[in-house]
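Structure data (compact mmCIF, C-alpha atoms) from input-v8.txt:
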# COMPACT_ATOMS: atom_id res chain seq x y z
CA MET A 939 6.08 0.90 -46.28
CA GLN A 940 2.70 1.31 -47.99
CA THR A 941 2.83 2.35 -51.64
CA ASP A 942 0.21 4.07 -53.77
CA PRO A 943 -1.90 1.36 -55.49
CA PHE A 944 -1.55 3.38 -58.69
CA ILE A 945 2.22 2.83 -58.60
CA ASP A 946 1.57 -0.91 -58.27
CA ASP A 947 -0.62 -0.69 -61.39
CA ILE A 948 2.14 1.13 -63.29
CA TYR A 949 4.61 -1.67 -62.60
CA GLU A 950 2.07 -4.30 -63.58
CA ALA A 951 1.66 -2.54 -66.93
CA ALA A 952 5.41 -2.82 -67.51
CA VAL A 953 5.03 -6.55 -68.14
CA VAL A 954 1.33 -6.74 -69.03
CA PRO A 955 1.06 -3.83 -71.52
CA GLU A 956 -2.68 -4.16 -72.05
CA LYS A 957 -2.90 -2.63 -68.58
CA TRP A 958 -1.50 0.64 -69.97
CA GLN A 959 -4.93 1.79 -71.12
CA ALA A 960 -6.12 2.14 -67.53
CA ILE A 961 -2.86 3.90 -66.57
CA LEU A 962 -3.23 6.41 -69.40
CA ASP A 963 -6.85 7.09 -68.48
CA ARG A 964 -5.93 7.63 -64.82
CA LEU A 965 -3.22 10.13 -65.76
CA ALA A 966 -5.78 12.01 -67.84
CA VAL A 967 -8.16 12.18 -64.89
CA MET A 968 -5.41 13.66 -62.73
CA ALA A 969 -5.01 16.51 -65.24
CA ASP A 970 -8.74 16.97 -65.97
CA ALA A 971 -7.82 15.96 -69.51
CA GLU A 972 -9.39 13.91 -72.29
CA GLY A 973 -6.75 11.21 -72.62
CA THR A 974 -3.05 10.32 -72.58
CA LEU A 975 -0.62 9.34 -75.32
CA LEU A 976 2.40 7.07 -74.71
CA PHE A 977 4.69 7.40 -77.69
CA ALA A 978 8.03 5.73 -78.45
CA ALA A 979 10.08 8.21 -80.45
CA CYS A 980 12.31 6.15 -82.71
CA PRO A 981 13.06 5.50 -86.41
CA GLY A 982 10.67 3.32 -88.38
CA GLU A 983 7.02 2.64 -87.75
CA PRO A 984 5.44 4.67 -84.90
CA ARG A 985 4.91 2.76 -81.65
CA TRP A 986 2.25 4.28 -79.48
CA LEU A 987 -0.70 3.72 -77.16
CA ALA A 988 -3.44 6.21 -76.36
CA SER A 989 -6.61 6.50 -74.33
CA GLU A 990 -9.64 5.47 -76.35
CA ALA A 991 -11.05 9.00 -76.22
CA ILE A 992 -8.13 10.51 -78.14
CA GLN A 993 -7.13 7.66 -80.46
CA ASP A 994 -8.74 9.20 -83.54
CA ALA A 995 -6.95 12.49 -82.90
CA MET A 996 -3.63 10.70 -82.43
CA LYS A 997 -4.09 8.74 -85.66
CA ALA A 998 -4.81 12.00 -87.46
CA TRP A 999 -1.59 13.47 -86.01
CA ILE A 1000 0.56 10.49 -87.06
CA GLY A 1001 -0.82 10.70 -90.59
CA SER A 1002 -0.38 14.45 -90.86
CA LYS A 1003 2.39 16.82 -91.92
CA TRP A 1004 2.86 17.67 -88.24
CA TYR A 1005 3.91 14.14 -87.21
CA LEU A 1006 7.64 14.94 -87.05
CA ASP A 1007 7.40 18.70 -87.40
CA ASN A 1008 5.44 20.45 -84.66
CA PRO A 1009 6.15 22.92 -81.85
CA ARG A 1010 5.89 20.37 -79.07
CA GLY A 1011 8.37 18.06 -80.73
CA GLN A 1012 10.72 20.95 -81.35
CA ARG A 1013 10.50 22.68 -77.98
CA LEU A 1014 9.15 20.31 -75.33
CA VAL A 1015 10.48 16.84 -76.21
CA PRO A 1016 14.18 17.92 -76.39
CA ARG A 1017 14.03 19.64 -72.98
CA GLU A 1018 16.15 17.95 -70.32
CA ASP A 1019 13.89 19.01 -67.42
CA PRO A 1020 13.29 15.93 -65.23
CA ARG A 1021 9.63 16.83 -64.78
CA PHE A 1022 6.27 17.23 -66.47
CA LEU A 1023 5.98 20.31 -68.69
CA THR A 1024 3.03 22.18 -70.21
CA ASP A 1025 2.69 24.02 -73.51
CA LEU A 1026 3.27 27.30 -71.70
CA ASP A 1027 6.64 26.12 -70.39
CA ALA A 1028 8.02 26.39 -73.92
CA MET A 1029 5.69 28.74 -75.83
CA THR A 1030 3.72 31.93 -75.37
CA THR A 1031 -0.02 32.04 -75.95
CA GLU A 1032 0.67 34.20 -79.02
CA GLU A 1033 2.98 31.54 -80.48
CA ILE A 1034 0.42 28.84 -79.80
CA ASP A 1035 -2.40 30.85 -81.42
CA ALA A 1036 -0.23 31.40 -84.51
CA SER A 1037 0.68 27.71 -84.92
CA ASP A 1038 -1.30 25.68 -87.47
CA PHE A 1039 -0.45 22.57 -85.45
CA TYR A 1040 -2.80 23.88 -82.78
CA THR A 1041 -5.33 25.73 -84.92
CA GLU A 1042 -5.72 23.16 -87.72
CA LEU A 1043 -4.99 19.81 -86.04
CA LEU A 1044 -5.67 19.95 -82.32
CA ARG A 1045 -8.40 22.55 -81.78
CA PRO A 1046 -10.78 21.25 -84.48
CA ARG A 1047 -10.66 17.94 -82.59
CA GLY A 1048 -11.41 19.57 -79.25
CA LEU A 1049 -7.83 19.46 -77.94
CA GLY A 1050 -5.16 22.13 -77.59
CA TRP A 1051 -3.40 21.89 -74.21
CA CYS A 1052 -1.08 19.25 -72.80
CA VAL A 1053 1.15 18.31 -69.91
CA GLY A 1054 3.82 15.76 -70.67
CA THR A 1055 7.31 14.46 -70.11
CA SER A 1056 10.08 12.93 -72.21
CA ILE A 1057 11.94 9.99 -70.72
CA ARG A 1058 15.39 9.11 -72.04
CA SER A 1059 16.95 5.89 -70.91
CA PRO A 1060 20.73 5.44 -70.62
CA ALA A 1061 20.49 3.25 -73.74
CA GLY A 1062 19.15 6.15 -75.77
CA ASP A 1063 15.45 5.28 -75.90
CA THR A 1064 13.03 8.21 -75.78
CA LEU A 1065 9.46 7.74 -74.60
CA VAL A 1066 6.93 10.51 -74.33
CA PHE A 1067 3.84 10.77 -72.13
CA SER A 1068 1.53 13.50 -73.41
CA ILE A 1069 -1.69 14.14 -71.47
CA GLU A 1070 -4.07 15.90 -73.86
CA LYS A 1071 -6.55 18.43 -72.48
CA ALA A 1072 -9.49 20.15 -74.18
CA HIS A 1073 -8.74 23.64 -75.46
CA ALA A 1074 -11.98 24.92 -73.93
CA LYS A 1075 -10.80 23.94 -70.43
CA GLY A 1076 -7.71 26.12 -70.51
CA PRO A 1077 -4.03 25.32 -69.82
CA VAL A 1078 -2.92 22.62 -67.38
CA PRO A 1079 -2.04 24.28 -64.05
CA ARG A 1080 1.55 24.05 -62.83
CA ALA A 1081 0.31 22.39 -59.60
CA VAL A 1082 -1.01 19.46 -61.65
CA ALA A 1083 2.34 19.03 -63.38
CA GLU A 1084 4.08 18.98 -60.00
CA GLN A 1085 1.68 16.30 -58.75
CA LEU A 1086 2.53 14.15 -61.77
CA ASP A 1087 6.28 14.57 -61.11
CA SER A 1088 6.13 12.10 -58.21
CA LEU A 1089 5.05 9.36 -60.64
CA ARG A 1090 7.75 10.09 -63.20
CA PRO A 1091 10.47 7.62 -62.00
CA HIS A 1092 7.94 4.78 -61.92
CA LEU A 1093 6.52 5.67 -65.33
CA ALA A 1094 10.09 5.84 -66.66
CA ARG A 1095 11.06 2.30 -65.63
CA ALA A 1096 7.76 0.75 -66.66
CA SER A 1097 7.52 2.50 -70.02
CA LEU A 1098 11.17 1.72 -70.84
CA LEU A 1099 10.47 -2.00 -70.63
CA SER A 1100 7.16 -1.71 -72.51
CA GLY A 1101 8.80 0.43 -75.17
CA ARG A 1102 11.52 -2.16 -75.73
CA LEU A 1103 8.83 -4.83 -75.99
CA GLY A 1104 7.20 -2.82 -78.76
CA LEU A 1105 4.26 -2.23 -76.40
CA ASP A 1106 3.22 -5.87 -76.85
CA ARG A 1107 2.57 -8.50 -74.18
CA ALA A 1108 5.63 -10.14 -72.66
CA LYS A 1109 6.15 -13.89 -72.96
CA SER A 1110 6.47 -16.28 -70.04
CA THR A 1111 10.25 -16.18 -69.61
CA VAL A 1112 13.16 -13.76 -69.32
CA ALA A 1113 14.35 -15.11 -72.69
CA THR A 1114 11.89 -12.65 -74.21
CA LEU A 1115 13.90 -9.79 -72.75
CA GLU A 1116 17.08 -11.13 -74.32
CA ALA A 1117 15.41 -11.12 -77.74
CA ILE A 1118 14.96 -7.36 -77.44
CA GLY A 1119 18.46 -6.76 -76.17
CA LEU A 1120 17.89 -6.77 -72.41
CA PRO A 1121 20.00 -9.10 -70.22
CA ALA A 1122 17.64 -10.04 -67.39
CA ALA A 1123 17.11 -12.25 -64.35
CA ALA A 1124 13.96 -13.07 -62.41
CA LEU A 1125 14.21 -12.99 -58.61
CA ALA A 1126 12.36 -14.93 -55.92
CA PRO A 1127 10.91 -13.08 -52.90
CA ASP A 1128 14.18 -13.62 -50.98
CA GLY A 1129 16.26 -12.15 -53.81
CA ARG A 1130 17.55 -15.45 -55.21
CA VAL A 1131 17.78 -15.73 -59.00
CA VAL A 1132 15.21 -18.24 -60.23
CA SER A 1133 15.75 -17.64 -63.94
CA ALA A 1134 18.28 -15.72 -66.05
CA ASN A 1135 18.69 -15.39 -69.78
CA ALA A 1136 21.92 -16.10 -71.66
CA GLY A 1137 22.66 -12.40 -72.10
CA PHE A 1138 22.66 -11.90 -68.35
CA LEU A 1139 24.78 -14.99 -67.66
CA ALA A 1140 27.41 -14.24 -70.29
CA GLY A 1141 27.32 -10.47 -70.43
CA GLU A 1142 28.69 -7.65 -68.30
CA PRO A 1143 31.50 -9.01 -66.04
CA ARG A 1144 30.70 -6.58 -63.24
CA ILE A 1145 27.30 -8.17 -62.55
CA ARG A 1146 27.08 -11.90 -61.86
CA ILE A 1147 25.20 -14.54 -59.93
CA GLY A 1148 27.21 -15.37 -56.83
CA ALA A 1149 26.85 -17.41 -53.66
CA GLY A 1150 23.30 -18.26 -52.68
CA ASN A 1151 22.13 -17.47 -56.23
CA LEU A 1152 22.22 -13.77 -55.37
CA ILE A 1153 23.17 -11.06 -57.86
CA GLN A 1154 26.51 -9.45 -57.10
CA LEU A 1155 27.81 -6.15 -58.46
CA ALA A 1156 31.53 -5.34 -58.47
CA SER A 1157 30.82 -1.83 -57.17
CA ALA A 1158 30.24 -1.83 -53.40
CA PRO A 1159 27.99 1.29 -53.36
CA ALA A 1160 25.95 -0.09 -56.26
CA GLN A 1161 25.67 -3.48 -54.51
CA ALA A 1162 24.32 -1.80 -51.38
CA LEU A 1163 21.68 0.01 -53.42
CA LEU A 1164 20.80 -3.20 -55.26
CA MET A 1165 20.32 -5.17 -52.05
CA GLU A 1166 18.18 -2.37 -50.65
CA ALA A 1167 16.02 -2.43 -53.75
CA ILE A 1168 15.69 -6.22 -53.73
CA SER A 1169 14.79 -6.08 -50.05
CA ASP A 1170 12.13 -3.49 -50.81
CA ALA A 1171 10.83 -5.72 -53.58
CA GLY A 1172 10.35 -8.52 -51.07
CA ILE A 1173 7.98 -6.49 -48.92
CA ALA A 1174 4.61 -7.10 -50.52
CA SER A 1175 3.02 -3.93 -49.16
CA GLY A 1176 5.82 -1.64 -50.28
CA ARG A 1177 7.50 -2.89 -53.42
CA ILE A 1178 9.06 -0.07 -55.41
CA GLY A 1179 11.41 0.05 -58.38
CA LYS A 1180 14.92 1.40 -58.56
CA SER A 1181 17.56 2.10 -61.21
CA ILE A 1182 21.18 1.67 -60.09
CA PRO A 1183 24.13 3.01 -62.12
CA VAL A 1184 27.42 1.12 -62.16
CA ARG A 1185 30.37 3.30 -63.07
CA ALA A 1186 32.75 2.66 -65.94
CA ALA A 1187 35.89 0.75 -64.89
CA GLY A 1188 38.86 -0.94 -66.49
CA GLY A 1189 37.79 -0.06 -70.00
CA ASP A 1190 34.27 -1.43 -69.49
CA ALA A 1191 31.42 0.98 -70.17
CA ALA A 1192 29.00 2.12 -67.49
CA PHE A 1193 25.63 0.40 -67.28
CA VAL A 1194 22.44 0.58 -65.25
CA ALA A 1195 20.74 -2.25 -63.35
CA HIS A 1196 16.99 -1.73 -63.15
CA VAL A 1197 14.98 -3.48 -60.41
CA LEU A 1198 11.38 -3.87 -61.51
CA PRO A 1199 8.85 -5.25 -58.98
CA LEU A 1200 6.26 -7.53 -60.52
CA LYS A 1201 2.64 -6.59 -59.90
CA GLY A 1202 -0.75 -8.16 -60.51
CA GLY A 1203 -0.87 -10.12 -63.75
CA ALA A 1204 2.89 -9.75 -64.18
CA LEU A 1205 3.34 -12.26 -61.35
CA ASP A 1206 1.70 -14.86 -63.59
CA VAL A 1207 3.97 -13.98 -66.50
CA PHE A 1208 7.14 -14.63 -64.45
CA THR A 1209 6.04 -17.60 -62.37
CA GLY A 1210 7.77 -17.91 -58.99
CA ALA A 1211 9.39 -14.47 -59.19
CA LEU A 1212 8.58 -11.28 -57.34
CA SER A 1213 10.87 -8.93 -59.27
CA ILE A 1214 13.16 -8.83 -62.27
CA VAL A 1215 16.52 -7.16 -62.81
CA PHE A 1216 17.48 -6.06 -66.31
CA THR A 1217 20.44 -4.02 -67.49
CA THR A 1218 20.92 -1.30 -70.09
CA SER A 1219 24.22 0.06 -71.33
CA MET A 1220 24.88 3.78 -71.11
CA THR A 1221 25.50 6.09 -74.03
CA PRO A 1222 28.32 8.64 -73.71
CA SER A 1223 27.34 12.01 -72.29
CA ALA A 1224 29.32 15.22 -72.01
CA SER A 1225 27.67 16.04 -68.69
CA PRO A 1226 25.13 14.40 -66.37
CA ALA A 1227 21.81 15.90 -67.46
CA PRO A 1228 19.31 16.39 -64.61
CA SER A 1229 16.77 14.12 -66.33
CA LEU A 1230 19.29 11.26 -66.43
CA LEU A 1231 20.32 11.81 -62.82
CA GLN A 1232 16.71 11.73 -61.69
CA ALA A 1233 15.95 8.56 -63.63
CA LEU A 1234 19.04 6.74 -62.39
CA PHE A 1235 18.84 7.60 -58.72
CA ASP A 1236 15.14 8.41 -58.15
CA LEU A 1237 16.12 11.98 -57.30
CA THR A 1238 13.58 14.75 -57.06
CA PRO A 1239 13.95 17.52 -59.68
CA ALA A 1240 15.60 19.76 -57.07
CA GLU A 1241 18.00 17.01 -55.98
CA ALA A 1242 18.90 16.25 -59.60
CA ARG A 1243 19.69 19.89 -60.31
CA THR A 1244 21.85 20.09 -57.18
CA ALA A 1245 23.75 16.89 -58.08
CA GLY A 1246 24.37 18.16 -61.59
CA GLN A 1247 25.65 21.51 -60.35
CA ILE A 1248 27.97 19.86 -57.81
CA THR A 1249 29.36 17.66 -60.59
CA GLU A 1250 30.00 20.79 -62.66
CA GLY A 1251 32.31 21.95 -59.86
CA LYS A 1252 30.03 24.52 -58.25
CA SER A 1253 30.12 25.09 -54.50
CA ILE A 1254 27.09 25.15 -52.24
CA GLU A 1255 27.58 28.90 -51.88
CA GLN A 1256 27.65 29.41 -55.65
CA ILE A 1257 24.58 27.24 -56.23
CA SER A 1258 22.72 29.19 -53.54
CA PHE A 1259 23.70 32.55 -55.05
CA GLU A 1260 22.74 31.55 -58.60
CA SER A 1261 19.46 29.84 -57.71
CA GLY A 1262 18.25 32.06 -54.89
CA ILE A 1263 17.81 28.97 -52.70
CA SER A 1264 19.21 28.99 -49.18
CA GLN A 1265 22.43 27.12 -48.42
CA ASN A 1266 20.61 25.03 -45.80
CA THR A 1267 18.13 23.88 -48.44
CA ILE A 1268 20.97 23.02 -50.84
CA ARG A 1269 22.66 21.01 -48.06
CA THR A 1270 19.38 19.16 -47.42
CA HIS A 1271 19.13 18.26 -51.11
CA LEU A 1272 22.76 17.13 -51.12
CA LYS A 1273 22.31 14.96 -48.04
CA SER A 1274 19.40 13.19 -49.74
CA VAL A 1275 21.50 12.74 -52.90
CA PHE A 1276 24.28 11.15 -50.83
CA GLN A 1277 21.83 8.69 -49.32
CA LYS A 1278 20.32 7.71 -52.68
CA THR A 1279 23.64 7.33 -54.49
CA GLY A 1280 25.47 5.51 -51.71
CA VAL A 1281 28.27 8.06 -51.22
CA GLU A 1282 29.32 10.13 -48.21
CA ARG A 1283 31.24 13.12 -49.59
CA GLN A 1284 30.98 15.60 -52.46
CA ALA A 1285 34.23 14.32 -53.98
CA GLU A 1286 32.82 10.78 -54.10
CA LEU A 1287 29.63 12.07 -55.73
CA VAL A 1288 31.58 13.94 -58.40
CA SER A 1289 33.74 10.87 -59.03
CA LEU A 1290 30.75 8.55 -59.33
CA LEU A 1291 28.79 10.79 -61.69
CA SER A 1292 31.74 11.88 -63.77
CA ILE A 1293 32.97 8.33 -64.31
CA SER A 1294 29.65 6.58 -64.71
CA LEU A 1295 27.97 9.16 -66.93
CA ARG A 1296 30.77 9.85 -69.41
Before anything else, please render the file you have as C-alpha cells.
Amino acid sequence: MQTDPFIDDIYEAAVVPEKWQAILDRLAVMADAEGTLLFAACPGEPRWLASEAIQDAMKAWIGSKWYLDNPRGQRLVPREDPRFLTDLDAMTTEEIDASDFYTELLRPRGLGWCVGTSIRSPAGDTLVFSIEKAHAKGPVPRAVAEQLDSLRPHLARASLLSGRLGLDRAKSTVATLEAIGLPAAALAPDGRVVSANAGFLAGEPRIRIGAGNLIQLASAPAQALLMEAISDAGIASGRIGKSIPVRAAGGDAAFVAHVLPLKGGALDVFTGALSIVFTTSMTPSASPAPSLLQALFDLTPAEARTAGQITEGKSIEQISFESGISQNTIRTHLKSVFQKTGVERQAELVSLLSISLR
C-alpha cells in the first residue's frame, strides 16, 4: 500500500519536531494561505509553532488582550466536529466585521481568514492547527477544508506526541516518553519489542510483552487491530499510524494504544526500531463525541457521526430520517465502522463504545 509522502513527513515530525516547520508551510500552501499555527492549549506558558511568515502576527496575538478571549477560541475551538472548520462555520460575515479581534489584530497584519481543527486526545490534551489566510484573498473554501480532513488523523497522532514533548526534540530512548507521562515501547520491523520504558513494563495490566517479545492486549478485538497496525508499520512503502481503544474492565479505566510509524530522521532517534507504541489513559465522557471516535478509530467524519448515533440508541431508519441520508449509505458507513473497530454487530459496537468511552 503506497502512502502519501506528506503523511510520512507528518510522522517524522512527531519525533523530530524541527520538521514541523515544513509541515506547517505545506498545510498553508494547500489552503492558499500565508502560514499555519500549531498551538497547545493548556495552562501555563504558551507552547506553539508557526510558519515563519506569520510568526510576528502570532507573537502579537499571544501578547494581546485577545490571547484567551477571541471569537475563534470561543466558537471554533470548543466545537466537537471531527473535521477542519473555517471562520464562516461559526460566525457570520457581519459578526466577523464587528469583531475587534479581526479588525484590530488580524487585518492590520494582512490576515483575517482561517481553516483549522482542534484535536483532543483521550488524556485531555487539546492541540489546535490554524491555517491563516490573507483577508484580501477571501474565505477558505469548504472544498479545501474537506481536502485537509483526510490528513486529520495523522496530524492528531503526530501533534499529540509533539505536544507532550513540549514541541522539543525527542531524546534517543523511550525513557524520554516516560518522563512526560507516556508509557512506551519501540518495535522492530517484525513487531518485536526492542526497548520499553519502566512505565510500559509496570503499568496497565491489560497490555504486556508476551511470547516472542510481542505486545499483547487482553482485549481480543483490540489485539487484532494492534497486530494489523504493527503489520502495516512493517511495510516500508505503506506505514500508517493507528489509535486503538481498549475498553474499561474489572475496575480498570479505558486506555488507548497509539501505533506511531517512525519516518525519516525519527528512525535515527529510535535506533533499530520501525515504530513505537505509546499509551494514554482516557478521561471520563458522558457520550462518545464524534471527534473522539474519529481519532480513536480513524473513522471518516460521516462514519464517526453514524457510530455516535448508533451508540445513542438510534436505528438506521431514524438516522436516515433525521440526516436525510439514505439507509443504504448509513449501512455502508456502519459496515466500515465495524471493520475498523473489530466488531461484527451493532450491539457489540454499542457495548465497546459505551464501556470504553465512559
Enclose all atoms of stretch 1121-1136 of chain A listed in the file in an axis-aligned box, grow every side by 8 Å, and hand back centre and edge lengths in Å to one decimal, as AutoDock Vina command-line options.
--center_x 16.4 --center_y -13.7 --center_z -61.3 --size_x 27.0 --size_y 25.1 --size_z 36.7
Fill in: Polymer residues at most 6 Å from A:Asn1151, all atoms listed in the file, same-chain spacing of 2 or more positions, as a ChimeraX atom specification
/A:1130-1131,1147-1149
Item to complete: Mind checking which residues fall within 10 Å of A:Ala971, counting all atoms listed in the file, ignoring those fewer than 6 positions away in the same chain, and posting them as a PyMOL selection string?
Response: chain A and resi 963-965+1049+1051-1053+1069-1073+1075+1078
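One finds atom CA of A:Pro943 at 21.8 Å from atom CA of A:Leu1125.
Considering the residues A:Ile1248, A:Leu975, A:Val1015, A:Ala1167 and counting all atoms listed in the file, A:Asp994 has its shortest atom-to-atom contact with A:Leu975.
Between atom CA of A:Gly1001 and atom CA of A:Arg1047 lies a distance of 14.6 Å.
Residue nearest A:Ile1168 within the list A:Leu1212, A:Val953, A:Leu1023, A:Ala1094: A:Leu1212 [criterion: smallest interatomic distance, all atoms listed in the file].
We find atom CA of A:Asp1035 and atom CA of A:Gly1048 to be spaced 14.6 Å apart.
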Output stretch 1160-1170 of chain A from the block with all heavy atoms, as an mmCIF file, in the first residue's frame?
data_model
loop_
_atom_site.group_PDB
_atom_site.id
_atom_site.type_symbol
_atom_site.label_atom_id
_atom_site.label_comp_id
_atom_site.auth_asym_id
_atom_site.auth_seq_id
_atom_site.Cartn_x
_atom_site.Cartn_y
_atom_site.Cartn_z
ATOM 1 N N ALA A 1160 -9.136 -5.593 20.215
ATOM 2 C CA ALA A 1160 -8.063 -4.606 20.228
ATOM 3 C C ALA A 1160 -6.739 -5.235 19.789
ATOM 4 O O ALA A 1160 -5.945 -4.614 19.068
ATOM 5 C CB ALA A 1160 -7.925 -3.991 21.620
ATOM 6 N N GLN A 1161 -6.494 -6.481 20.191
ATOM 7 C CA GLN A 1161 -5.269 -7.169 19.792
ATOM 8 C C GLN A 1161 -5.213 -7.344 18.282
ATOM 9 O O GLN A 1161 -4.165 -7.168 17.657
ATOM 10 C CB GLN A 1161 -5.179 -8.531 20.486
ATOM 11 C CG GLN A 1161 -3.937 -9.346 20.133
ATOM 12 C CD GLN A 1161 -2.653 -8.728 20.663
ATOM 13 O OE1 GLN A 1161 -2.690 -7.906 21.563
ATOM 14 N NE2 GLN A 1161 -1.512 -9.140 20.109
ATOM 15 N N ALA A 1162 -6.363 -7.693 17.678
ATOM 16 C CA ALA A 1162 -6.394 -7.863 16.225
ATOM 17 C C ALA A 1162 -6.069 -6.562 15.517
ATOM 18 O O ALA A 1162 -5.315 -6.541 14.531
ATOM 19 C CB ALA A 1162 -7.777 -8.369 15.789
ATOM 20 N N LEU A 1163 -6.613 -5.448 16.028
ATOM 21 C CA LEU A 1163 -6.328 -4.148 15.424
ATOM 22 C C LEU A 1163 -4.864 -3.764 15.632
ATOM 23 O O LEU A 1163 -4.232 -3.182 14.745
ATOM 24 C CB LEU A 1163 -7.240 -3.080 16.019
ATOM 25 C CG LEU A 1163 -8.731 -3.210 15.683
ATOM 26 C CD1 LEU A 1163 -9.550 -2.217 16.489
ATOM 27 C CD2 LEU A 1163 -8.959 -2.991 14.186
ATOM 28 N N LEU A 1164 -4.313 -4.096 16.797
ATOM 29 C CA LEU A 1164 -2.913 -3.789 17.069
ATOM 30 C C LEU A 1164 -1.999 -4.552 16.116
ATOM 31 O O LEU A 1164 -1.061 -3.974 15.543
ATOM 32 C CB LEU A 1164 -2.573 -4.139 18.514
ATOM 33 C CG LEU A 1164 -1.099 -3.987 18.907
ATOM 34 C CD1 LEU A 1164 -0.685 -2.526 18.853
ATOM 35 C CD2 LEU A 1164 -0.845 -4.557 20.299
ATOM 36 N N MET A 1165 -2.250 -5.847 15.937
ATOM 37 C CA MET A 1165 -1.400 -6.640 15.063
ATOM 38 C C MET A 1165 -1.495 -6.164 13.623
ATOM 39 O O MET A 1165 -0.510 -6.159 12.885
ATOM 40 C CB MET A 1165 -1.786 -8.125 15.169
ATOM 41 C CG MET A 1165 -1.544 -8.737 16.554
ATOM 42 S SD MET A 1165 0.122 -8.410 17.215
ATOM 43 C CE MET A 1165 1.119 -9.285 16.000
ATOM 44 N N GLU A 1166 -2.702 -5.741 13.226
ATOM 45 C CA GLU A 1166 -2.864 -5.185 11.885
ATOM 46 C C GLU A 1166 -2.042 -3.916 11.721
ATOM 47 O O GLU A 1166 -1.379 -3.712 10.709
ATOM 48 C CB GLU A 1166 -4.340 -4.891 11.629
ATOM 49 C CG GLU A 1166 -4.615 -4.267 10.267
ATOM 50 C CD GLU A 1166 -6.073 -3.889 10.092
ATOM 51 O OE1 GLU A 1166 -6.892 -4.224 10.971
ATOM 52 O OE2 GLU A 1166 -6.390 -3.249 9.083
ATOM 53 N N ALA A 1167 -2.060 -3.074 12.754
ATOM 54 C CA ALA A 1167 -1.314 -1.827 12.678
ATOM 55 C C ALA A 1167 0.185 -2.073 12.665
ATOM 56 O O ALA A 1167 0.936 -1.424 11.932
ATOM 57 C CB ALA A 1167 -1.692 -0.920 13.846
ATOM 58 N N ILE A 1168 0.647 -3.013 13.507
ATOM 59 C CA ILE A 1168 2.073 -3.336 13.539
ATOM 60 C C ILE A 1168 2.506 -3.942 12.214
ATOM 61 O O ILE A 1168 3.589 -3.650 11.699
ATOM 62 C CB ILE A 1168 2.374 -4.292 14.706
ATOM 63 C CG1 ILE A 1168 2.169 -3.575 16.031
ATOM 64 C CG2 ILE A 1168 3.792 -4.847 14.602
ATOM 65 C CD1 ILE A 1168 2.303 -4.476 17.238
ATOM 66 N N SER A 1169 1.649 -4.759 11.622
ATOM 67 C CA SER A 1169 1.951 -5.340 10.318
ATOM 68 C C SER A 1169 2.070 -4.249 9.273
ATOM 69 O O SER A 1169 2.987 -4.247 8.454
ATOM 70 C CB SER A 1169 0.865 -6.336 9.923
ATOM 71 O OG SER A 1169 1.090 -6.835 8.616
ATOM 72 N N ASP A 1170 1.139 -3.301 9.306
ATOM 73 C CA ASP A 1170 1.207 -2.170 8.376
ATOM 74 C C ASP A 1170 2.493 -1.398 8.574
ATOM 75 O O ASP A 1170 3.127 -0.955 7.620
ATOM 76 C CB ASP A 1170 0.017 -1.222 8.594
ATOM 77 C CG ASP A 1170 -1.266 -1.764 7.993
ATOM 78 O OD1 ASP A 1170 -1.189 -2.693 7.176
ATOM 79 O OD2 ASP A 1170 -2.323 -1.245 8.358
#
